[in-house]
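Heads up, the thing below is written out as structure tokens.
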Amino acid sequence: MAAPTLQQPSFLLANLKADATTKPLLQRCQDLVKIIDDYPAKELHLIFPWLVESVFGSLDGIIAGWNLRLLHSRSNEYNIVMEFLNPSGPMMKLVYKLQAEEYKYEIPVNYLPGPVKACIQEGVLPDCPLFHKKLQFPLSGLLTLNLALNPFEFFMFNFAYCLITPKNYPPGQHGSSTDSAYFVLVDTYLKYFLPSEGSVPPSPFSDSRGSVTAPSPRSSSVSFAGYGVHSPSLLKHHIFHQPSVNADPAAQEIWRSETLLQMFVEIWLHHYSLEMYQKLQSPQVKLALLQYRLSMSSMPCQPHAPPGSGTLHTYQEPFTPTEEHVLVVRLLVKHLHAFSNSLKPEQLSSSPSAHSHTHPSPLEEFKRVVVQRFVQQKLYLFLQHCFGHWPLDASFRAVLETWLSYIQPWRYTGEKMNPQPDQNRTVPEKWEVFVQENLLMYTKLFQVFLNRAVRTDLVNAKNALMVFRVAKVFSQPNLADMIQKGEQRFLEPEHVLHHRQPRGYLTPTQGGSYLSSRQKVVTDMVFRVKSHVYALEGQDCQYKQMFGTELRGAVMKLIQIIAQARQTAKRISDHSNDMAANTSFLSWFSLGSSDFSTSFSGAELDEGGECLKKTHEYLDRALENLCEIFKLTQGQLTQLISNLGSSQDDGNCKQLPDCIQGENGLILTDLGRRQIINGLRRFDIQYQGDPELQPIRSYESALLVRLFYRISSLVNERFGVHMSTLCSRPDFLGRLCRHYLTDPNSNTKLKHSPMSRRELERSRQPRLSLRPLASYRTILLLLLLYVFGALLSFGPVSSTLVILAGGFLYGLVMTLFMMSSKVQPIVY
């Protein structure tokens, strides 16, 4: 049928656009509800694209829409929006009404995720059935390709894309809250279309035939030249080939569940770097995996390169997920685990013979394969990218918890178990298959996390908590053994598998189906583990064992860094206690120590006593869990920590960090960076600029500092030559002038200065400095002297003369005292 742009202008659409700028949201929604009920699909078809854009915003982010990511429950419009967009609300009723008439709506291919877009523009059909038979090929070429989607797909595409569309938020607002309308709607849609209990509710609108028309089935002759693990349509043997209108309602409606999940996965997770894209597109990797699956590894064969395989320059997407994006992905992961774990026990444990006589419902078969077939690969690539590119700060917690949620499906079984202590939370044996079929999720990502942990400031309580969380999860009884068994099966020699018959392991392109009861997937765990690793990393991957020598050494390194962080936290705590003990009322006037070079810097100053206490607790428990995972005894741990030489580190904390000499100065080594991060060593940083231009201290009056600087600058500019001449004299007068007009510490600066020679010489010129008079300490002292003078019946003038005389006598005595030292005159 014709596209919406070719239809006659709609007066209804024009009226709605006018009302959008004048009427409040409540009235607009009430009008839309009436229009959806009263108008025919032909009229509604013309307003649907505009309505979707006005709700979710435009794909380019220019139109903000209803700002679902900023709309919270405390807003007056929240309930209006949630009621209108509810899965059984007016908006979804409009979708079903249009779905019955088989309307199509176009989406430019440019808005698809980078890997999918690059694949299509290279002339290769993506493996996801979501994009099959939907491409519109214009006469102008491949640069203006469009995707023709049915109303439900179009609605869900815009809803999912709303999460990754760049938004210009108002100042002070951000979209990372889990109580936003968007986050709650995602949760609502998942529970509605992927229910853990019962079946998917039927659509509130049906056509004259009694059911909503599902999308057309994909032809079995479609060539899969795409990338990644195949995830074919689950429905081609259940819905599309059931002509009866009295079929199971769940079978009639489950296509929405599959469409929603595939849309979420493709839009949210199908992003990764160009290097990974090239790796997954490599014909050599694909051929090697196919040969291994068919047990034909010894057959020399060269693949035929797909069309356009050499034009990878089309993939230019920079992928930088936000914290909000990751939180929504975690919600998806948690719900899919709960959805998959709600599979009935009789369906989960049924034998092949039982399958041949009893056909489980499509929803039950969907639960059986939903995680492995639809989510595993893309989530692995998504998490791997986040682990490698996320900043080294506490915001990584969102990524970490998403990973930990995926690798702990037993937490989302819905079983009401009695709470057990952490050390007794044994992983049930039935999860061994899941652990081994997701081996890289455990081992590879654990290795990447180790690389992050050793470069993180573990004195910070939030970073220490993340290390503790990972160690706690992997220390669950049985889990380490399951991972180790999976590694042993992967490392089993390949010749053992050559005699095995690869029965049933047929991809849909070879006539097989993931849900077919007659073509059972191979149950050999060795084969399945190898297939999992090769599918995600390629057959030429260099697998590093989690319990191997190399990774064990990395864990030992992390344990040492944890021990160093504990020592640093203890020193900071002791220093804070000492400072608190020395605090008095006079410290407000800076009568205490003002030597900032001896204080801790950076985040350490922000660490309170409670945070340091939590840091100690998290790091201690992390050490215990790591020892439990890697079977380290208390003696080994003690010996490992003693090798640090804690006493030596405490004595060397004032030494420079480990560096090497480069062309432009010192260069930090990895050891030096860890020493700085954990507060073990630091550079002796001193201010080497103009003393008069130092930042105003908290014990100084900002007004007096600026006033005295202007006065002294005028005096120095007018009498600078005379002061230089006086200070150059070698006699007693010259020494006395140098005492008052030069900085006594000017010759004790660091050797390596960032200033130029001209600036350095300028700062050493004799000059008058009145800045000490702006200190609250000096002001208090002068006030006390004036009060003391008043008690002795001295007036203000007399007291001033006495104070000046005292200052002059003090300088005279100090000059006479220094006469004994043979100091050469300074030439200015």
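We label chains A, B, ... in the order they appear in the structure tokens, count residues from 1 in each chain, and number ligands from 1 in the order shown.
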Identify, on the basis of only C-alpha atoms, every residue whose closest approach to region 475-484 of chain A does not exceed 8 Å; exclude the query and any residue fewer than 5 positions from it along the same chain; express the result as a PDB file with all heavy atoms, in the first residue's frame.
ATOM      1  N   ASP A 422      25.684 -15.496  53.947  1.00  0.00           N
ATOM      2  CA  ASP A 422      26.371 -15.400  52.660  1.00  0.00           C
ATOM      3  C   ASP A 422      27.238 -16.615  52.385  1.00  0.00           C
ATOM      4  O   ASP A 422      27.310 -17.106  51.269  1.00  0.00           O
ATOM      5  CB  ASP A 422      27.231 -14.119  52.634  1.00  0.00           C
ATOM      6  CG  ASP A 422      26.357 -12.871  52.631  1.00  0.00           C
ATOM      7  OD1 ASP A 422      25.167 -13.004  52.331  1.00  0.00           O
ATOM      8  OD2 ASP A 422      26.881 -11.787  52.950  1.00  0.00           O
ATOM      9  N   GLN A 423      27.919 -17.133  53.428  1.00  0.00           N
ATOM     10  CA  GLN A 423      28.857 -18.219  53.175  1.00  0.00           C
ATOM     11  C   GLN A 423      28.158 -19.542  52.881  1.00  0.00           C
ATOM     12  O   GLN A 423      28.779 -20.498  52.442  1.00  0.00           O
ATOM     13  CB  GLN A 423      29.797 -18.394  54.374  1.00  0.00           C
ATOM     14  CG  GLN A 423      29.095 -18.731  55.683  1.00  0.00           C
ATOM     15  CD  GLN A 423      28.698 -17.493  56.462  1.00  0.00           C
ATOM     16  OE1 GLN A 423      28.612 -16.412  55.894  1.00  0.00           O
ATOM     17  NE2 GLN A 423      28.482 -17.637  57.756  1.00  0.00           N
ATOM     18  N   ASN A 424      26.827 -19.625  53.130  1.00  0.00           N
ATOM     19  CA  ASN A 424      26.108 -20.866  52.893  1.00  0.00           C
ATOM     20  C   ASN A 424      25.226 -20.805  51.655  1.00  0.00           C
ATOM     21  O   ASN A 424      24.406 -21.693  51.439  1.00  0.00           O
ATOM     22  CB  ASN A 424      25.238 -21.202  54.117  1.00  0.00           C
ATOM     23  CG  ASN A 424      26.077 -21.488  55.349  1.00  0.00           C
ATOM     24  OD1 ASN A 424      27.181 -22.009  55.239  1.00  0.00           O
ATOM     25  ND2 ASN A 424      25.559 -21.137  56.531  1.00  0.00           N
ATOM     26  N   ARG A 425      25.350 -19.749  50.837  1.00  0.00           N
ATOM     27  CA  ARG A 425      24.509 -19.616  49.653  1.00  0.00           C
ATOM     28  C   ARG A 425      25.075 -20.469  48.526  1.00  0.00           C
ATOM     29  O   ARG A 425      25.728 -19.986  47.625  1.00  0.00           O
ATOM     30  CB  ARG A 425      24.401 -18.155  49.230  1.00  0.00           C
ATOM     31  CG  ARG A 425      23.672 -17.287  50.238  1.00  0.00           C
ATOM     32  CD  ARG A 425      23.527 -15.855  49.765  1.00  0.00           C
ATOM     33  NE  ARG A 425      24.814 -15.249  49.486  1.00  0.00           N
ATOM     34  CZ  ARG A 425      25.222 -14.936  48.273  1.00  0.00           C
ATOM     35  NH1 ARG A 425      24.468 -15.182  47.228  1.00  0.00           N
ATOM     36  NH2 ARG A 425      26.403 -14.373  48.089  1.00  0.00           N
ATOM     37  N   THR A 426      24.837 -21.746  48.580  1.00  0.00           N
ATOM     38  CA  THR A 426      25.370 -22.676  47.595  1.00  0.00           C
ATOM     39  C   THR A 426      24.593 -22.563  46.288  1.00  0.00           C
ATOM     40  O   THR A 426      23.359 -22.492  46.289  1.00  0.00           O
ATOM     41  CB  THR A 426      25.288 -24.119  48.117  1.00  0.00           C
ATOM     42  OG1 THR A 426      25.979 -24.203  49.363  1.00  0.00           O
ATOM     43  CG2 THR A 426      25.909 -25.091  47.112  1.00  0.00           C
ATOM     44  N   VAL A 427      25.300 -22.548  45.173  1.00  0.00           N
ATOM     45  CA  VAL A 427      24.661 -22.504  43.859  1.00  0.00           C
ATOM     46  C   VAL A 427      24.148 -23.896  43.524  1.00  0.00           C
ATOM     47  O   VAL A 427      24.917 -24.858  43.530  1.00  0.00           O
ATOM     48  CB  VAL A 427      25.661 -22.031  42.785  1.00  0.00           C
ATOM     49  CG1 VAL A 427      25.005 -22.030  41.410  1.00  0.00           C
ATOM     50  CG2 VAL A 427      26.201 -20.658  43.131  1.00  0.00           C
ATOM     51  N   PRO A 428      22.846 -24.057  43.257  1.00  0.00           N
ATOM     52  CA  PRO A 428      22.313 -25.391  42.942  1.00  0.00           C
ATOM     53  C   PRO A 428      23.003 -26.007  41.729  1.00  0.00           C
ATOM     54  O   PRO A 428      23.411 -25.319  40.799  1.00  0.00           O
ATOM     55  CB  PRO A 428      20.825 -25.102  42.667  1.00  0.00           C
ATOM     56  CG  PRO A 428      20.536 -23.821  43.383  1.00  0.00           C
ATOM     57  CD  PRO A 428      21.797 -23.021  43.301  1.00  0.00           C
ATOM     58  N   GLU A 429      23.098 -27.314  41.745  1.00  0.00           N
ATOM     59  CA  GLU A 429      23.790 -28.034  40.684  1.00  0.00           C
ATOM     60  C   GLU A 429      23.123 -27.860  39.320  1.00  0.00           C
ATOM     61  O   GLU A 429      23.785 -27.956  38.283  1.00  0.00           O
ATOM     62  CB  GLU A 429      23.862 -29.527  41.024  1.00  0.00           C
ATOM     63  CG  GLU A 429      24.736 -29.864  42.221  1.00  0.00           C
ATOM     64  CD  GLU A 429      26.209 -29.622  41.940  1.00  0.00           C
ATOM     65  OE1 GLU A 429      26.584 -29.575  40.748  1.00  0.00           O
ATOM     66  OE2 GLU A 429      26.979 -29.482  42.902  1.00  0.00           O
ATOM     67  N   GLU A 432      24.710 -25.610  36.567  1.00  0.00           N
ATOM     68  CA  GLU A 432      26.017 -25.893  35.979  1.00  0.00           C
ATOM     69  C   GLU A 432      25.994 -25.739  34.466  1.00  0.00           C
ATOM     70  O   GLU A 432      26.944 -25.230  33.861  1.00  0.00           O
ATOM     71  CB  GLU A 432      26.473 -27.300  36.357  1.00  0.00           C
ATOM     72  CG  GLU A 432      27.858 -27.645  35.828  1.00  0.00           C
ATOM     73  CD  GLU A 432      28.338 -28.998  36.304  1.00  0.00           C
ATOM     74  OE1 GLU A 432      27.623 -29.634  37.114  1.00  0.00           O
ATOM     75  OE2 GLU A 432      29.428 -29.432  35.866  1.00  0.00           O
ATOM     76  N   VAL A 435      26.162 -22.001  33.612  1.00  0.00           N
ATOM     77  CA  VAL A 435      27.500 -21.450  33.861  1.00  0.00           C
ATOM     78  C   VAL A 435      28.447 -21.823  32.740  1.00  0.00           C
ATOM     79  O   VAL A 435      29.205 -20.987  32.229  1.00  0.00           O
ATOM     80  CB  VAL A 435      28.034 -21.943  35.218  1.00  0.00           C
ATOM     81  CG1 VAL A 435      29.504 -21.538  35.393  1.00  0.00           C
ATOM     82  CG2 VAL A 435      27.201 -21.369  36.359  1.00  0.00           C
ATOM     83  N   GLN A 436      28.403 -23.063  32.293  1.00  0.00           N
ATOM     84  CA  GLN A 436      29.348 -23.511  31.281  1.00  0.00           C
ATOM     85  C   GLN A 436      28.974 -23.029  29.888  1.00  0.00           C
ATOM     86  O   GLN A 436      29.850 -22.821  29.046  1.00  0.00           O
ATOM     87  CB  GLN A 436      29.453 -25.039  31.334  1.00  0.00           C
ATOM     88  CG  GLN A 436      30.034 -25.523  32.668  1.00  0.00           C
ATOM     89  CD  GLN A 436      30.116 -27.030  32.758  1.00  0.00           C
ATOM     90  OE1 GLN A 436      29.868 -27.735  31.774  1.00  0.00           O
ATOM     91  NE2 GLN A 436      30.467 -27.541  33.929  1.00  0.00           N
ATOM     92  N   LEU A 439      30.439 -19.415  29.719  1.00  0.00           N
ATOM     93  CA  LEU A 439      31.750 -19.437  30.362  1.00  0.00           C
ATOM     94  C   LEU A 439      32.481 -18.106  30.241  1.00  0.00           C
ATOM     95  O   LEU A 439      33.066 -17.600  31.210  1.00  0.00           O
ATOM     96  CB  LEU A 439      32.595 -20.565  29.753  1.00  0.00           C
ATOM     97  CG  LEU A 439      33.965 -20.807  30.393  1.00  0.00           C
ATOM     98  CD1 LEU A 439      33.808 -21.256  31.836  1.00  0.00           C
ATOM     99  CD2 LEU A 439      34.747 -21.844  29.590  1.00  0.00           C
ATOM    100  N   TYR A 442      31.756 -15.315  32.657  1.00  0.00           N
ATOM    101  CA  TYR A 442      32.375 -15.425  33.980  1.00  0.00           C
ATOM    102  C   TYR A 442      33.882 -15.169  33.910  1.00  0.00           C
ATOM    103  O   TYR A 442      34.408 -14.345  34.668  1.00  0.00           O
ATOM    104  CB  TYR A 442      32.116 -16.817  34.565  1.00  0.00           C
ATOM    105  CG  TYR A 442      30.665 -17.097  34.884  1.00  0.00           C
ATOM    106  CD1 TYR A 442      29.801 -17.615  33.927  1.00  0.00           C
ATOM    107  CD2 TYR A 442      30.146 -16.845  36.147  1.00  0.00           C
ATOM    108  CE1 TYR A 442      28.467 -17.878  34.218  1.00  0.00           C
ATOM    109  CE2 TYR A 442      28.808 -17.097  36.454  1.00  0.00           C
ATOM    110  CZ  TYR A 442      27.981 -17.614  35.480  1.00  0.00           C
ATOM    111  OH  TYR A 442      26.665 -17.856  35.773  1.00  0.00           O
ATOM    112  N   THR A 443      34.560 -15.859  33.021  1.00  0.00           N
ATOM    113  CA  THR A 443      36.021 -15.832  33.044  1.00  0.00           C
ATOM    114  C   THR A 443      36.613 -14.601  32.358  1.00  0.00           C
ATOM    115  O   THR A 443      37.440 -13.905  32.934  1.00  0.00           O
ATOM    116  CB  THR A 443      36.564 -17.103  32.380  1.00  0.00           C
ATOM    117  OG1 THR A 443      36.094 -17.165  31.021  1.00  0.00           O
ATOM    118  CG2 THR A 443      36.081 -18.335  33.115  1.00  0.00           C
ATOM    119  N   MET A 546      40.788 -18.958  34.016  1.00  0.00           N
ATOM    120  CA  MET A 546      40.549 -18.175  35.214  1.00  0.00           C
ATOM    121  C   MET A 546      41.356 -18.701  36.380  1.00  0.00           C
ATOM    122  O   MET A 546      41.757 -17.939  37.268  1.00  0.00           O
ATOM    123  CB  MET A 546      39.052 -18.189  35.539  1.00  0.00           C
ATOM    124  CG  MET A 546      38.676 -17.378  36.757  1.00  0.00           C
ATOM    125  SD  MET A 546      36.894 -17.210  36.948  1.00  0.00           S
ATOM    126  CE  MET A 546      36.808 -16.418  38.549  1.00  0.00           C
ATOM    127  N   PHE A 547      41.602 -19.996  36.404  1.00  0.00           N
ATOM    128  CA  PHE A 547      42.373 -20.590  37.485  1.00  0.00           C
ATOM    129  C   PHE A 547      43.760 -21.021  37.008  1.00  0.00           C
ATOM    130  O   PHE A 547      44.380 -21.901  37.597  1.00  0.00           O
ATOM    131  CB  PHE A 547      41.616 -21.781  38.081  1.00  0.00           C
ATOM    132  CG  PHE A 547      40.284 -21.395  38.666  1.00  0.00           C
ATOM    133  CD1 PHE A 547      39.124 -21.507  37.918  1.00  0.00           C
ATOM    134  CD2 PHE A 547      40.202 -20.872  39.942  1.00  0.00           C
ATOM    135  CE1 PHE A 547      37.894 -21.135  38.445  1.00  0.00           C
ATOM    136  CE2 PHE A 547      38.979 -20.490  40.476  1.00  0.00           C
ATOM    137  CZ  PHE A 547      37.821 -20.622  39.723  1.00  0.00           C
ATOM    138  N   ASN A 625      37.204 -13.414  50.564  1.00  0.00           N
ATOM    139  CA  ASN A 625      36.516 -14.073  49.443  1.00  0.00           C
ATOM    140  C   ASN A 625      37.493 -14.480  48.339  1.00  0.00           C
ATOM    141  O   ASN A 625      37.350 -15.551  47.735  1.00  0.00           O
ATOM    142  CB  ASN A 625      35.437 -13.152  48.890  1.00  0.00           C
ATOM    143  CG  ASN A 625      34.286 -12.941  49.861  1.00  0.00           C
ATOM    144  OD1 ASN A 625      33.983 -13.815  50.666  1.00  0.00           O
ATOM    145  ND2 ASN A 625      33.647 -11.782  49.798  1.00  0.00           N
ATOM    146  N   LEU A 626      38.478 -13.632  48.032  1.00  0.00           N
ATOM    147  CA  LEU A 626      39.464 -13.982  47.009  1.00  0.00           C
ATOM    148  C   LEU A 626      40.271 -15.210  47.433  1.00  0.00           C
ATOM    149  O   LEU A 626      40.590 -16.067  46.600  1.00  0.00           O
ATOM    150  CB  LEU A 626      40.391 -12.796  46.746  1.00  0.00           C
ATOM    151  CG  LEU A 626      39.777 -11.621  45.973  1.00  0.00           C
ATOM    152  CD1 LEU A 626      40.747 -10.449  45.918  1.00  0.00           C
ATOM    153  CD2 LEU A 626      39.407 -12.041  44.554  1.00  0.00           C
ATOM    154  N   GLU A 628      39.170 -17.556  49.280  1.00  0.00           N
ATOM    155  CA  GLU A 628      38.273 -18.705  49.159  1.00  0.00           C
ATOM    156  C   GLU A 628      38.123 -19.137  47.706  1.00  0.00           C
ATOM    157  O   GLU A 628      38.071 -20.339  47.408  1.00  0.00           O
ATOM    158  CB  GLU A 628      36.916 -18.341  49.756  1.00  0.00           C
ATOM    159  CG  GLU A 628      35.938 -19.497  49.808  1.00  0.00           C
ATOM    160  CD  GLU A 628      34.632 -19.118  50.506  1.00  0.00           C
ATOM    161  OE1 GLU A 628      34.582 -18.023  51.095  1.00  0.00           O
ATOM    162  OE2 GLU A 628      33.679 -19.918  50.438  1.00  0.00           O
ATOM    163  N   ILE A 629      38.056 -18.183  46.780  1.00  0.00           N
ATOM    164  CA  ILE A 629      37.890 -18.522  45.365  1.00  0.00           C
ATOM    165  C   ILE A 629      39.106 -19.251  44.830  1.00  0.00           C
ATOM    166  O   ILE A 629      38.992 -20.281  44.149  1.00  0.00           O
ATOM    167  CB  ILE A 629      37.632 -17.242  44.545  1.00  0.00           C
ATOM    168  CG1 ILE A 629      36.337 -16.572  44.973  1.00  0.00           C
ATOM    169  CG2 ILE A 629      37.587 -17.555  43.055  1.00  0.00           C
ATOM    170  CD1 ILE A 629      36.150 -15.179  44.398  1.00  0.00           C
TER     171      ILE A 629
END
At a cut-off of 8 Å, using only C-alpha atoms, what residues contact Asn150 (chain A)? Leave out same-chain residues fewer than 3 positions from it and give the result as an MDAnalysis selection string. chainID A and resid 99 102:105 153:154 215
For a quick check of understanding, using only C-alpha atoms, which of A:Leu32, A:Gly388, A:Cys659, A:Asn76 has the smallest distance to Arg682 (chain A)?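 The closest residue to Arg682 (chain A) is A:Cys659.
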My list of candidates is A:Ser724, A:Ser769, A:Ser88, A:Ser395. Which is closest to Ser712 (chain A) when distances are computed with only C-alpha atoms?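 Under the stated criterion, the closest residue is A:Ser769.
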So that I can see what lies close to region 62-69 of chain A, please list as a ChimeraX atom specification the residues with an atom at most 9 Å from it, counting only C-alpha atoms and leaving out residues fewer than 2 positions away in the same chain. /A:52-60,71-72,78,81,162-163,166-168,174-177,180-183,324
Any idea what the distance is between CA of Lys344 (chain A) and CA of Tyr192 (chain A)? 18.6 Å
